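Working notes for the structure below.
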Amino acid sequence: MSEFALGHKARAAGYRLRGYDSIGSTNSEALAAASAGDPGGIWFAARQQTEGRGRRGRQWESPHGNLAATLLIVPEADPTLAATLGFVAGVSLSTALSAILPGGLVKIGIDGADGLGGNSRIALKWPNDVLADGAKLAGILLEASKLPDGRHAIAIGFGVNAVAAPQGLPYPATSLVELGVSRTAEDVFEALSDAWVDVFGVWNDGRGIGDVLKQWRASAAGIGAPVAVNQNGEVLRGIFETIDDAGRLIVRADDNRRIAITAGDVHFGATASARS
């Protein structure tokens, strides 16, 4: 069995790694390490999670062979900027996937295909998903814990469907295997650890968030397309205009209002539904 390994950029930058075959939750392990005094800069990577979780406490199914990885950091940035690390994570993961998938990173259309054919197409879906041919390939979850010195420890969790996608979801999901790509969780992790170093450097304790968001927008799914946003059962429909400099989803509503969305479940396309 192969083992997880950091990429050369991550090693040179001083990141550490704990690898597991199976674990309850890499995010939980990272936050526990922070509570025990770990200074951050450490990855927790596993081939399986048995107690994984997604946004809003949802279960994250992670069969053996998929990647579950969490990076623990204790940034010096203002806590209000810490939420923008989700965009750093998204750009990092899409960059890593573009490096190992045939055809590289190509912006997809609103129907999940751009007409090029033959290659898997990767895009970022606001706020924290990565799509391949319009189906969810990966998700990101940020969790924070306040430390005794007032700083915040941030656990940045990544879940990538390397060998299998969950079944019975209210949205399409896919895996690297279904895309015809034979790359392991270890392959994805090594590429991710290096991509993170580059994008986190651009972020620069929040000072470079504008540049990160520019990269994120360049790979975004659905800009200019009809969108439906479900916010706790209330549905807003309109056109997805952009992501603003605060990372909010900007929707031009049907009544022509321009609305900034900070959280919600997003569905694209002219027939976008409000399924959660």
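Simple scheme: letters A, B, ... for chains in structure tokens order, numbers from 1 for residues in each chain, numbers from 1 for ligands in the order shown.
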
Would you mind listing what lies within 8 Å of His64 of chain A as JSON, numbers by chain, with only C-alpha atoms counted and same-chain residues fewer than 5 positions away left out?
-> {"A": [22, 47, 48, 49]}

Please provide as an NGL selection string all residues within 12 Å of Ala36 of chain A, with the sequence filter that same-chain residues fewer than 5 positions apart are discarded (counting only C-alpha atoms).
-> :A and (29-31 or 145 or 147-148 or 153)

Output of the above residues as a compact mmCIF listing (two decimals), in the first residue's frame, restricted to all heavy atoms:
# COMPACT_ATOMS: atom_id res chain seq x y z
N GLU A 29 -9.79 15.65 13.94
CA GLU A 29 -8.41 15.37 14.36
C GLU A 29 -7.60 16.66 14.35
O GLU A 29 -6.80 16.91 15.26
CB GLU A 29 -7.79 14.34 13.41
CG GLU A 29 -6.53 13.70 13.94
CD GLU A 29 -6.77 12.71 15.06
OE1 GLU A 29 -7.93 12.33 15.29
OE2 GLU A 29 -5.78 12.31 15.73
N ALA A 30 -7.80 17.49 13.35
CA ALA A 30 -7.06 18.76 13.26
C ALA A 30 -7.44 19.70 14.40
O ALA A 30 -6.57 20.31 15.04
CB ALA A 30 -7.33 19.42 11.92
N LEU A 31 -8.73 19.82 14.69
CA LEU A 31 -9.16 20.72 15.76
C LEU A 31 -8.71 20.21 17.13
O LEU A 31 -8.39 21.01 18.02
CB LEU A 31 -10.68 20.88 15.71
CG LEU A 31 -11.20 21.65 14.49
CD1 LEU A 31 -12.73 21.61 14.45
CD2 LEU A 31 -10.71 23.10 14.50
N SER A 145 -11.79 27.24 15.52
CA SER A 145 -11.80 27.10 16.98
C SER A 145 -10.95 28.22 17.58
O SER A 145 -9.81 28.43 17.14
CB SER A 145 -11.24 25.73 17.38
OG SER A 145 -11.16 25.61 18.79
N LEU A 147 -8.55 29.98 20.10
CA LEU A 147 -7.49 29.53 20.99
C LEU A 147 -7.40 30.44 22.21
O LEU A 147 -7.90 31.57 22.20
CB LEU A 147 -6.16 29.53 20.23
CG LEU A 147 -6.11 28.62 18.99
CD1 LEU A 147 -4.78 28.79 18.27
CD2 LEU A 147 -6.32 27.17 19.40
N PRO A 148 -6.74 29.98 23.28
CA PRO A 148 -6.63 30.79 24.50
C PRO A 148 -5.99 32.16 24.28
O PRO A 148 -6.31 33.11 25.01
CB PRO A 148 -5.77 29.92 25.42
CG PRO A 148 -6.04 28.52 24.97
CD PRO A 148 -6.21 28.62 23.48
N ALA A 153 -7.81 28.89 15.30
CA ALA A 153 -7.30 27.75 14.53
C ALA A 153 -8.34 27.42 13.47
O ALA A 153 -9.53 27.35 13.75
CB ALA A 153 -7.08 26.55 15.44

Return the single residue from A:Val188, A:Val160, A:Ala82, A:Ile209 that is closest to Asp129 of chain A, with distances computed using only C-alpha atoms.
-> A:Val160

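For the choices A:Ile23, A:Leu131, A:Ala228, A:Ile42, the atom-to-atom distance to Ile73 of chain A is smallest for A:Ile42 when using only C-alpha atoms.
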
Would you return as a ChimeraX atom specification the members of segment 100-275 of chain A that DSSP assigns to strand (DSSP E or B) on this structure's backbone?
-> /A:122-125,129-132,135-146,152-160,173,220,226-231,234-243,249-253,258-261,265-268

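Rounded to one decimal, atom CA of Thr70 of chain A and atom CA of Ile156 of chain A lie 5.2 Å from each other.
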